[in-house]
Amino acid sequence: MKEFNINTLVRKNILELQPYISFRDNNEFENPVLLDANESPFGELNRYPDSTQKELKQKLSEIKNISASQIAVGNGSDELIDLIIKVFCEPKKDSILMMNPSFAMYGFYASINENKVIKLDLNENFEIVKDDFLTISNDFKSKIFFLCSPNNPTGNSIEDIEFYIQNFKGIVVVDEAYIEFSGKKSCTELLDKYPNLIVLQTFSKAWGMAGTRVGIAYSSQEIIKLINTVKAPYNVNSLSLNKIVEIISKQEVVNSNIKNTLNEIAWLKNEFQSVKCIKKIYPTDANFFLIEFENVEKIYEKLLENEILTSKRSPQIPNCIRINVGNREENTQLIQVLKQCQTL
Ligand SMILES: *Cc1c(COP(=O)(O)O)cnc(C)c1O
C-alpha cells in the first residue's frame, strides 16, 4: 500500500468542508462561565455533551493501546457506517461492495445516497471466494468494502482478512460487532500496516449496552478526522457517554456477559440435537445461530404464535432462521416450542 493517498478516495466537497469546532470542547478551562451555547443555566442535563468525546476516547486509548486521535465515536456503529459512506462515496456515482449475505445496513445507508450496492456472493459455507472478490472489486472499483467478521447473519468469521485489505483499492471496513464472542484477534492490530483500514466495534452486543447507542471506529488519524468532520457535533448524548465511561473500566462486566453467552450457546447447541425439525446448524462465532429447518414458514409462525421473535432469513437464505441466544429461561421456552414443532 505504498502509494496509497487517502485524498484520492475522499469526496472533494468533504475535503474542503470546514468541520464544526466547539471552542469550549477544544480548549482547557478551570472554572468557565458558560454563556456561549445558548443553553439553559438550569436543569440537570442542561449542557451539551462533549463533542470530542475526550474522556471515552482516552479510556479506550488506554485499554486498546491505540492513540485517541485514531478513534471516532458514533451513535451506534450504524451512524459510523453512514458517516464513512458520506466521506468517500459520491452520491449517484460511487458504489460500495458488501458480502452476500451480510449486514443489511451497509446497503441501506449506501442506497439513501444513491450509491450502488455491489454484492459479493459467499460460497455454501458462507466464505469469500478470493477469485470472485478479485474479479468483482476490479470490475466495479467500489470505494468501500464492508467486511463483516464474524458475519451477520451467518455467524462465521472470515478467514485471511488481511488478503482483502491488501488487495482492495479503496477503504476496507472490518465490522467486528461480534468479535468479543469469537476469541479471534481484532483487526485493530493491523491499523499501522494499512492506511485504508477502518475497524468498527460496538457496545451493543457483548457489552450489553445497545440502549446507549455507542459504536467506535478505529482507523488512521486522517480517516478519523474526516469522520469527525461529517458527524453531527453532539452526536452522542451525555447520558450515554457517562454510562459507557462508567462501564468501560469494568472489564469483568463484558467478560461475564461473554462467558454466559458462550455457555448458553453450548447449552442450546446440545438441546438442538433433539429437535427433529432442524436440518442444519451453521457453526457460529457470534451470539446467534443460523439454522436451517424443515418447513421453515410453519416453524417461524409457530414461534411467533408463542411470542418468540426470531429473524427469518428465508427466502434469501433458503429455509433459514437466525436466532440469538437469550437467558436460560428464554432458551428453554425456545426449545419447548421447537419440540412442539416436531409434528408439523
Ligand atoms: C448489531 C450490529 C452492529 C451494531 O450496530 P450498533 O449501531 O452499534 O448498535 C453493527 N454491525 C453488525 C454487523 C451488527 O450485527
# chains A, B, ... in the order shown; residues from 1 in each chain; ligands from 1

call {"tool": "residues_around", "arguments": {"residues": "region 132-138 of chain A", "least_positions_apart": "3", "cutoff": "12 Å", "atoms": "only C-alpha atoms", "output": "PyMOL selection string"}}
result
chain A and resi 95-100+117-123+127-129+141-147+161+163-172

call {"tool": "residues_near_ligand", "arguments": {"ligand": "ligand 1", "cutoff": "9 Å", "atoms": "only C-alpha atoms and all ligand atoms", "output": "mmCIF file with C-alpha atoms, in the first residue's frame"}}
result
data_model
loop_
_atom_site.group_PDB
_atom_site.id
_atom_site.type_symbol
_atom_site.label_atom_id
_atom_site.label_comp_id
_atom_site.auth_asym_id
_atom_site.auth_seq_id
_atom_site.Cartn_x
_atom_site.Cartn_y
_atom_site.Cartn_z
ATOM 1 C CA GLY A 74 -20.676 7.213 16.788
ATOM 2 C CA ASN A 75 -24.320 6.983 17.728
ATOM 3 C CA GLY A 76 -24.032 3.235 17.366
ATOM 4 C CA SER A 77 -21.751 1.778 14.700
ATOM 5 C CA ASP A 78 -24.735 2.318 12.424
ATOM 6 C CA GLU A 79 -24.016 6.024 12.417
ATOM 7 C CA LEU A 80 -20.367 5.327 11.628
ATOM 8 C CA ILE A 81 -21.360 3.210 8.617
ATOM 9 C CA SER A 102 -24.298 -9.893 5.282
ATOM 10 C CA PHE A 103 -25.486 -6.999 7.441
ATOM 11 C CA ALA A 104 -28.207 -5.124 5.562
ATOM 12 C CA MET A 105 -27.382 -1.677 6.911
ATOM 13 C CA TYR A 106 -24.367 -1.206 4.604
ATOM 14 C CA CYS A 148 -18.278 -8.259 8.474
ATOM 15 C CA SER A 149 -16.468 -10.770 10.711
ATOM 16 C CA PRO A 150 -17.992 -12.633 12.457
ATOM 17 C CA ASN A 151 -20.591 -12.144 9.779
ATOM 18 C CA ASN A 152 -24.222 -11.326 10.494
ATOM 19 C CA PRO A 153 -26.470 -13.267 9.754
ATOM 20 C CA ASP A 175 -17.146 -4.694 11.137
ATOM 21 C CA GLU A 176 -16.301 -6.511 14.378
ATOM 22 C CA ALA A 177 -19.688 -6.180 16.112
ATOM 23 C CA TYR A 178 -19.391 -9.788 17.379
ATOM 24 C CA LEU A 200 -15.807 -0.930 13.677
ATOM 25 C CA GLN A 201 -16.736 -2.147 17.137
ATOM 26 C CA THR A 202 -19.842 -1.580 19.228
ATOM 27 C CA PHE A 203 -21.131 -1.556 22.784
ATOM 28 C CA SER A 204 -24.434 -3.021 21.581
ATOM 29 C CA LYS A 205 -23.646 -6.740 21.686
ATOM 30 C CA MET A 209 -25.318 -1.565 26.103
ATOM 31 C CA ALA A 210 -27.466 -1.436 22.942
ATOM 32 C CA GLY A 211 -29.753 1.113 24.581
ATOM 33 C CA THR A 212 -26.965 3.691 24.820
ATOM 34 C CA ARG A 213 -26.265 3.653 21.045
ATOM 35 C CA VAL A 214 -22.488 3.870 21.146
ATOM 36 C CA GLY A 215 -20.183 2.481 18.450
ATOM 37 C CA ILE A 216 -16.492 3.018 17.776
#

call {"tool": "select_by_dssp", "arguments": {"residues": "region 26-192 of chain A", "states": "helix (DSSP H, G or I)", "output": "VMD selection string"}}
result
chain A and resid 26 54 to 64 68 to 70 76 to 88 105 to 112 130 to 140 161 to 167 179 to 182 187 to 190

call {"tool": "closest_atom_pairs", "arguments": {"of": "region 232-283 of chain A", "to": "region 294-306 of chain A", "cutoff": "10 Å", "atoms": "only C-alpha atoms", "output": "JSON lines"}}
result
{"residue": "A:Lys276", "atom": "CA", "partner": "A:Glu294", "partner_atom": "CA", "distance": 8.8}
{"residue": "A:Cys277", "atom": "CA", "partner": "A:Glu294", "partner_atom": "CA", "distance": 5.3}
{"residue": "A:Ile278", "atom": "CA", "partner": "A:Glu294", "partner_atom": "CA", "distance": 6.4}
{"residue": "A:Lys279", "atom": "CA", "partner": "A:Glu294", "partner_atom": "CA", "distance": 6.3}
{"residue": "A:Lys280", "atom": "CA", "partner": "A:Glu294", "partner_atom": "CA", "distance": 9.4}

call {"tool": "write_last_selection", "arguments": {"atoms": "C-alpha atoms", "output": "PDB file, in the first residue's frame"}}
result
ATOM      1  CA  LYS A 276     -36.158 -33.042  14.788  1.00  0.00           C
ATOM      2  CA  CYS A 277     -37.265 -30.203  12.507  1.00  0.00           C
ATOM      3  CA  ILE A 278     -33.716 -28.797  12.479  1.00  0.00           C
ATOM      4  CA  LYS A 279     -31.847 -29.747   9.327  1.00  0.00           C
ATOM      5  CA  LYS A 280     -28.602 -27.896   9.879  1.00  0.00           C
TER       6      LYS A 280
END

call {"tool": "select_by_dssp", "arguments": {"residues": "region 84-133 of chain A", "states": "strand (DSSP E)", "output": "NGL selection string"}}
result
:A and (95-100 or 116-121)

call {"tool": "write_last_selection", "arguments": {"atoms": "all heavy atoms", "output": "compact mmCIF listing (two decimals), in the first residue's frame"}}
result
# COMPACT_ATOMS: atom_id res chain seq x y z
N SER A 95 -19.86 3.30 -5.74
CA SER A 95 -20.56 2.13 -5.21
C SER A 95 -19.83 1.61 -3.97
O SER A 95 -18.67 1.93 -3.72
CB SER A 95 -20.61 1.02 -6.27
OG SER A 95 -19.31 0.55 -6.54
N ILE A 96 -20.55 0.82 -3.20
CA ILE A 96 -19.93 0.07 -2.12
C ILE A 96 -19.98 -1.42 -2.48
O ILE A 96 -20.83 -1.85 -3.26
CB ILE A 96 -20.62 0.28 -0.75
CG1 ILE A 96 -22.05 -0.29 -0.75
CG2 ILE A 96 -20.64 1.75 -0.37
CD1 ILE A 96 -22.46 -0.91 0.55
N LEU A 97 -19.05 -2.17 -1.89
CA LEU A 97 -19.05 -3.62 -2.06
C LEU A 97 -19.35 -4.26 -0.72
O LEU A 97 -18.82 -3.83 0.31
CB LEU A 97 -17.66 -4.08 -2.56
CG LEU A 97 -17.44 -5.59 -2.73
CD1 LEU A 97 -18.34 -6.17 -3.81
CD2 LEU A 97 -15.96 -5.87 -3.07
N MET A 98 -20.25 -5.23 -0.70
CA MET A 98 -20.52 -5.96 0.54
C MET A 98 -20.68 -7.44 0.26
O MET A 98 -20.95 -7.85 -0.86
CB MET A 98 -21.77 -5.42 1.24
CG MET A 98 -23.06 -5.56 0.45
SD MET A 98 -24.51 -4.92 1.35
CE MET A 98 -24.79 -6.24 2.54
N MET A 99 -20.50 -8.25 1.28
CA MET A 99 -20.67 -9.69 1.14
C MET A 99 -22.17 -9.98 1.09
O MET A 99 -22.98 -9.21 1.59
CB MET A 99 -20.05 -10.43 2.32
CG MET A 99 -18.65 -9.94 2.68
SD MET A 99 -17.86 -10.90 3.98
CE MET A 99 -18.95 -10.72 5.34
N ASN A 100 -22.52 -11.10 0.49
CA ASN A 100 -23.92 -11.51 0.41
C ASN A 100 -24.05 -13.00 0.75
O ASN A 100 -23.48 -13.80 0.04
CB ASN A 100 -24.46 -11.24 -1.00
CG ASN A 100 -25.92 -11.56 -1.12
OD1 ASN A 100 -26.70 -11.31 -0.21
ND2 ASN A 100 -26.30 -12.16 -2.23
N LYS A 116 -24.54 2.76 -5.51
CA LYS A 116 -24.83 1.38 -5.90
C LYS A 116 -24.28 0.41 -4.87
O LYS A 116 -23.23 0.66 -4.27
CB LYS A 116 -24.16 1.08 -7.23
CG LYS A 116 -25.07 1.07 -8.41
CD LYS A 116 -24.69 -0.08 -9.36
CE LYS A 116 -25.50 0.00 -10.63
NZ LYS A 116 -24.77 0.63 -11.73
N VAL A 117 -24.98 -0.70 -4.71
CA VAL A 117 -24.55 -1.72 -3.76
C VAL A 117 -24.15 -2.97 -4.55
O VAL A 117 -25.00 -3.61 -5.17
CB VAL A 117 -25.67 -2.05 -2.76
CG1 VAL A 117 -25.21 -3.10 -1.76
CG2 VAL A 117 -26.14 -0.78 -2.05
N ILE A 118 -22.86 -3.25 -4.58
CA ILE A 118 -22.37 -4.43 -5.30
C ILE A 118 -22.25 -5.57 -4.30
O ILE A 118 -21.68 -5.40 -3.22
CB ILE A 118 -20.98 -4.16 -5.94
CG1 ILE A 118 -20.98 -2.84 -6.72
CG2 ILE A 118 -20.55 -5.32 -6.80
CD1 ILE A 118 -21.91 -2.79 -7.91
N LYS A 119 -22.81 -6.74 -4.67
CA LYS A 119 -22.84 -7.86 -3.72
C LYS A 119 -21.92 -8.99 -4.15
O LYS A 119 -21.98 -9.46 -5.27
CB LYS A 119 -24.27 -8.35 -3.55
CG LYS A 119 -25.11 -7.29 -2.85
CD LYS A 119 -26.44 -7.82 -2.38
CE LYS A 119 -27.14 -6.73 -1.56
NZ LYS A 119 -28.47 -7.15 -1.11
N LEU A 120 -21.08 -9.37 -3.21
CA LEU A 120 -20.14 -10.47 -3.41
C LEU A 120 -20.74 -11.72 -2.77
O LEU A 120 -20.79 -11.83 -1.54
CB LEU A 120 -18.80 -10.10 -2.75
CG LEU A 120 -17.71 -11.15 -2.68
CD1 LEU A 120 -17.27 -11.58 -4.07
CD2 LEU A 120 -16.51 -10.61 -1.91
N ASP A 121 -21.23 -12.63 -3.63
CA ASP A 121 -21.89 -13.83 -3.08
C ASP A 121 -20.89 -14.72 -2.35
O ASP A 121 -19.81 -15.01 -2.88
CB ASP A 121 -22.54 -14.63 -4.22
CG ASP A 121 -23.75 -13.90 -4.77
OD1 ASP A 121 -24.36 -13.10 -4.02
OD2 ASP A 121 -24.09 -14.12 -5.95

call {"tool": "residues_around", "arguments": {"residues": "Gly183 (chain A)", "least_positions_apart": "4", "cutoff": "10 Å", "atoms": "only C-alpha atoms", "output": "PDB file with C-alpha atoms, in the first residue's frame"}}
result
ATOM      1  CA  TYR A 178     -19.391  -9.788  17.379  1.00  0.00           C
ATOM      2  CA  ILE A 179     -15.604 -10.091  17.759  1.00  0.00           C
ATOM      3  CA  ASP A 285     -18.520 -17.354  16.314  1.00  0.00           C
ATOM      4  CA  ALA A 286     -21.215 -14.940  17.464  1.00  0.00           C
TER       5      ALA A 286
END

call {"tool": "residues_around", "arguments": {"residues": "Leu60 (chain A)", "least_positions_apart": "3", "cutoff": "10 Å", "atoms": "only C-alpha atoms", "output": "PyMOL selection string"}}
result
chain A and resi 54-57+63-68+71+216+245+248-249

call {"tool": "write_last_selection", "arguments": {"atoms": "C-alpha atoms", "output": "mmCIF file, in the first residue's frame"}}
result
data_model
loop_
_atom_site.group_PDB
_atom_site.id
_atom_site.type_symbol
_atom_site.label_atom_id
_atom_site.label_comp_id
_atom_site.auth_asym_id
_atom_site.auth_seq_id
_atom_site.Cartn_x
_atom_site.Cartn_y
_atom_site.Cartn_z
ATOM 1 C CA LYS A 54 -12.471 13.101 25.137
ATOM 2 C CA GLU A 55 -12.950 11.009 28.233
ATOM 3 C CA LEU A 56 -14.275 7.945 26.424
ATOM 4 C CA LYS A 57 -11.530 8.123 23.787
ATOM 5 C CA ILE A 63 -7.458 -0.221 27.003
ATOM 6 C CA LYS A 64 -6.825 -0.824 23.306
ATOM 7 C CA ASN A 65 -3.383 0.766 23.110
ATOM 8 C CA ILE A 66 -4.495 2.935 20.169
ATOM 9 C CA SER A 67 -3.975 6.700 20.019
ATOM 10 C CA ALA A 68 -7.082 8.750 20.884
ATOM 11 C CA ILE A 71 -10.733 6.771 17.489
ATOM 12 C CA ILE A 216 -16.492 3.018 17.776
ATOM 13 C CA VAL A 245 -17.273 5.697 30.513
ATOM 14 C CA ILE A 248 -15.716 0.554 30.221
ATOM 15 C CA SER A 249 -13.242 0.076 33.046
#

call {"tool": "closest_residue", "arguments": {"among": "A:Trp207, A:Asn327, A:Glu28, A:Gln333", "to": "Lys250 (chain A)", "atoms": "only C-alpha atoms"}}
result
A:Trp207

call {"tool": "residues_around", "arguments": {"residues": "Glu162 (chain A)", "least_positions_apart": "3", "cutoff": "12 Å", "atoms": "only C-alpha atoms", "output": "PyMOL selection string"}}
result
chain A and resi 130+147+158-159+165-168+172-174+186-191+193-194+196-197

call {"tool": "residues_around", "arguments": {"residues": "Leu290 (chain A)", "least_positions_apart": "6", "cutoff": "6 Å", "atoms": "only C-alpha atoms", "output": "list in words"}}
result
Thr154, Tyr282, Ile321 and Arg322 of chain A

call {"tool": "closest_residue", "arguments": {"among": "A:Glu114, A:Gly155, A:Lys231, A:Ser22", "to": "Pro49 (chain A)", "atoms": "only C-alpha atoms"}}
result
A:Ser22

call {"tool": "closest_residue", "arguments": {"among": "A:Ile265, A:Ala72, A:Val337, A:Leu35", "to": "Glu222 (chain A)", "atoms": "only C-alpha atoms"}}
result
A:Ala72

call {"tool": "residues_around", "arguments": {"residues": "Leu334 (chain A)", "least_positions_apart": "4", "cutoff": "8 Å", "atoms": "only C-alpha atoms", "output": "ChimeraX atom specification"}}
result
/A:303,308,330,338

call {"tool": "write_last_selection", "arguments": {"atoms": "all heavy atoms", "output": "PDB file, in the first residue's frame"}}
result
ATOM      1  N   LEU A 303     -43.350 -20.114  16.296  1.00  0.00           N
ATOM      2  CA  LEU A 303     -42.574 -19.340  17.266  1.00  0.00           C
ATOM      3  C   LEU A 303     -43.276 -18.000  17.535  1.00  0.00           C
ATOM      4  O   LEU A 303     -43.427 -17.593  18.687  1.00  0.00           O
ATOM      5  CB  LEU A 303     -41.148 -19.103  16.754  1.00  0.00           C
ATOM      6  CG  LEU A 303     -40.224 -20.324  16.749  1.00  0.00           C
ATOM      7  CD1 LEU A 303     -38.956 -20.051  15.930  1.00  0.00           C
ATOM      8  CD2 LEU A 303     -39.842 -20.741  18.172  1.00  0.00           C
ATOM      9  N   ILE A 308     -42.334 -15.750  20.483  1.00  0.00           N
ATOM     10  CA  ILE A 308     -40.882 -15.861  20.423  1.00  0.00           C
ATOM     11  C   ILE A 308     -40.448 -15.257  19.091  1.00  0.00           C
ATOM     12  O   ILE A 308     -40.759 -15.789  18.023  1.00  0.00           O
ATOM     13  CB  ILE A 308     -40.422 -17.331  20.549  1.00  0.00           C
ATOM     14  CG1 ILE A 308     -40.834 -17.863  21.929  1.00  0.00           C
ATOM     15  CG2 ILE A 308     -38.906 -17.441  20.351  1.00  0.00           C
ATOM     16  CD1 ILE A 308     -40.495 -19.305  22.174  1.00  0.00           C
ATOM     17  N   GLU A 330     -35.386 -18.029  28.634  1.00  0.00           N
ATOM     18  CA  GLU A 330     -35.826 -17.766  27.251  1.00  0.00           C
ATOM     19  C   GLU A 330     -35.434 -18.913  26.332  1.00  0.00           C
ATOM     20  O   GLU A 330     -36.212 -19.351  25.474  1.00  0.00           O
ATOM     21  CB  GLU A 330     -35.188 -16.453  26.755  1.00  0.00           C
ATOM     22  CG  GLU A 330     -35.694 -15.241  27.505  1.00  0.00           C
ATOM     23  CD  GLU A 330     -34.840 -13.995  27.292  1.00  0.00           C
ATOM     24  OE1 GLU A 330     -33.608 -14.106  27.082  1.00  0.00           O
ATOM     25  OE2 GLU A 330     -35.405 -12.890  27.361  1.00  0.00           O
ATOM     26  N   LEU A 338     -39.921 -25.362  19.891  1.00  0.00           N
ATOM     27  CA  LEU A 338     -39.355 -26.083  18.743  1.00  0.00           C
ATOM     28  C   LEU A 338     -39.668 -27.572  18.835  1.00  0.00           C
ATOM     29  O   LEU A 338     -39.890 -28.225  17.807  1.00  0.00           O
ATOM     30  CB  LEU A 338     -37.844 -25.866  18.674  1.00  0.00           C
ATOM     31  CG  LEU A 338     -37.361 -24.503  18.170  1.00  0.00           C
ATOM     32  CD1 LEU A 338     -35.847 -24.439  18.172  1.00  0.00           C
ATOM     33  CD2 LEU A 338     -37.900 -24.196  16.772  1.00  0.00           C
TER      34      LEU A 338
END

call {"tool": "atom_distance", "arguments": {"atom1": "CA of Gln251 (chain A)", "atom2": "CA of Tyr48 (chain A)"}}
result
28.3 Å

call {"tool": "closest_residue", "arguments": {"among": "A:Lys312, A:Lys86, A:Lys269, A:Lys339", "to": "Asn13 (chain A)", "atoms": "only C-alpha atoms"}}
result
A:Lys86
